[in-house]
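Comments concern the structure below.
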Amino acid sequence: MAGLLSIVPDGTNAICTAMTTQSLGQHYLEDALRTFRNYKTLAERALAQISDEDFFRTIDEESNSIAINIKHMAGNMLSRWTDFLTTDGEKLERNRDLEFVMLPETTKEEMLAYWEKGWKVTLEAIESLTPDDLMRTVAIRGQDHTVVQAIDRQMAHYAYHVGQIVYLAKHFKSSEWKSLSVPKNKSAEFNAKLQYRER
């Protein structure tokens, strides 16, 4: 930014600064949106590899199933991103404790539909933001956050649970797991392919 300011005529520094700030804000929002979508895709690529039984399976009495992770994430999304700029992110009607309870009659289809509902609200909320919104204040459980802080908070939260989903799916598939990134012991081969593409 300093470099840009030094080459403009006197009296235009404020305009240049505003334009640069807008560009940075737009870049942040676009990158955040891309990152959220990547997390969703990563989780869904893991889900595509598991059976319906593994979807609800736990590895011990204290652990959460993939289904529970999905239920909790969707519940969190609907609470945090509904009326994002105007209401507290912890909605009064939310029952967080129930997000960690899976009723016997619940189906995989119901959970995946809930997942999609949560992501729809999330992505639409972020898509509606502009750079001017980034320093606005929103509340989560009565605590003030800038919009940037609120986005970063949720990004970290969803990455945490997507990591759990991928870990569980990989555990259940074991040797039949198809890697979602660079396969084990294949880093050199992967890097060579990247270099070949860049030529």
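Chain labels run A, B, ... following the order of the structure tokens; each chain numbers its residues from 1, and ligands are numbered from 1 in the order shown.
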Check the DSSP output for the backbone and give back, as a ChimeraX atom specification, the residues of stretch 77-197 of chain A in alpha helix (DSSP H).
/A:77-81,108-127,147-173,187-197
Quick one: residues within 10 Å of A:Gly163, only C-alpha atoms counted, chain neighbours fewer than 6 positions away excluded, as a tab-separated table (two decimals) with N, CA, C and O atoms, in the first residue's frame?
```
chain	number	residue	atom	x	y	z
A	39	TYR	N	-13.78	-26.72	2.32
A	39	TYR	CA	-14.05	-27.58	3.47
A	39	TYR	C	-15.27	-28.46	3.23
A	39	TYR	O	-15.27	-29.65	3.55
A	42	LEU	N	-14.30	-31.18	0.77
A	42	LEU	CA	-13.42	-32.16	1.41
A	42	LEU	C	-14.22	-33.15	2.24
A	42	LEU	O	-14.02	-34.37	2.15
A	43	ALA	N	-15.13	-32.64	3.05
A	43	ALA	CA	-15.97	-33.52	3.87
A	43	ALA	C	-16.82	-34.43	3.00
A	43	ALA	O	-16.95	-35.63	3.28
A	169	ALA	N	-13.72	-41.21	8.58
A	169	ALA	CA	-13.97	-41.92	7.32
A	169	ALA	C	-12.75	-42.73	6.91
A	169	ALA	O	-12.86	-43.88	6.49
```
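Taking only C-alpha atoms into account, A:Gly25 lies nearest to A:Thr130 out of the set A:Gln143, A:Thr130, A:Val138, A:Lys173.
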State, in Å with one decimal place, the distance from atom CA of A:Ile165 to atom CA of A:Ile66.
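Going from atom CA of A:Ile165 over to atom CA of A:Ile66, I get 5.5 Å.
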Identify, on the basis of only C-alpha atoms, every residue whose closest approach to A:Lys117 does not exceed 9 Å; exclude the query and any residue fewer than 6 positions from it along the same chain; express the result as a CSV table (one decimal) with all heavy atoms, in the first residue's frame.
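So result_20.csv came out as:
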```csv
chain,number,residue,atom,x,y,z
A,74,ALA,N,-24.1,-28.2,11.2
A,74,ALA,CA,-25.3,-27.6,10.5
A,74,ALA,C,-26.1,-26.8,11.5
A,74,ALA,O,-26.5,-25.6,11.2
A,74,ALA,CB,-26.2,-28.7,9.9
A,77,MET,N,-24.1,-23.6,12.0
A,77,MET,CA,-24.2,-22.7,10.8
A,77,MET,C,-25.6,-22.0,10.8
A,77,MET,O,-25.6,-20.8,10.6
A,77,MET,CB,-24.1,-23.6,9.6
A,77,MET,CG,-22.7,-24.1,9.3
A,77,MET,SD,-22.7,-25.3,7.9
A,77,MET,CE,-21.0,-25.7,7.9
A,78,LEU,N,-26.6,-22.7,11.1
A,78,LEU,CA,-28.0,-22.1,11.0
A,78,LEU,C,-28.1,-21.0,12.1
A,78,LEU,O,-28.7,-20.0,11.9
A,78,LEU,CB,-29.0,-23.1,11.2
A,78,LEU,CG,-29.2,-24.1,10.0
A,78,LEU,CD1,-30.1,-25.2,10.4
A,78,LEU,CD2,-29.7,-23.3,8.8
```
With distances taken over only C-alpha atoms, which of A:Glu105, A:Glu93, A:Thr87, A:Ser128 is nearest to A:Asp144?
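For A:Asp144, the nearest of the given residues is A:Thr87.
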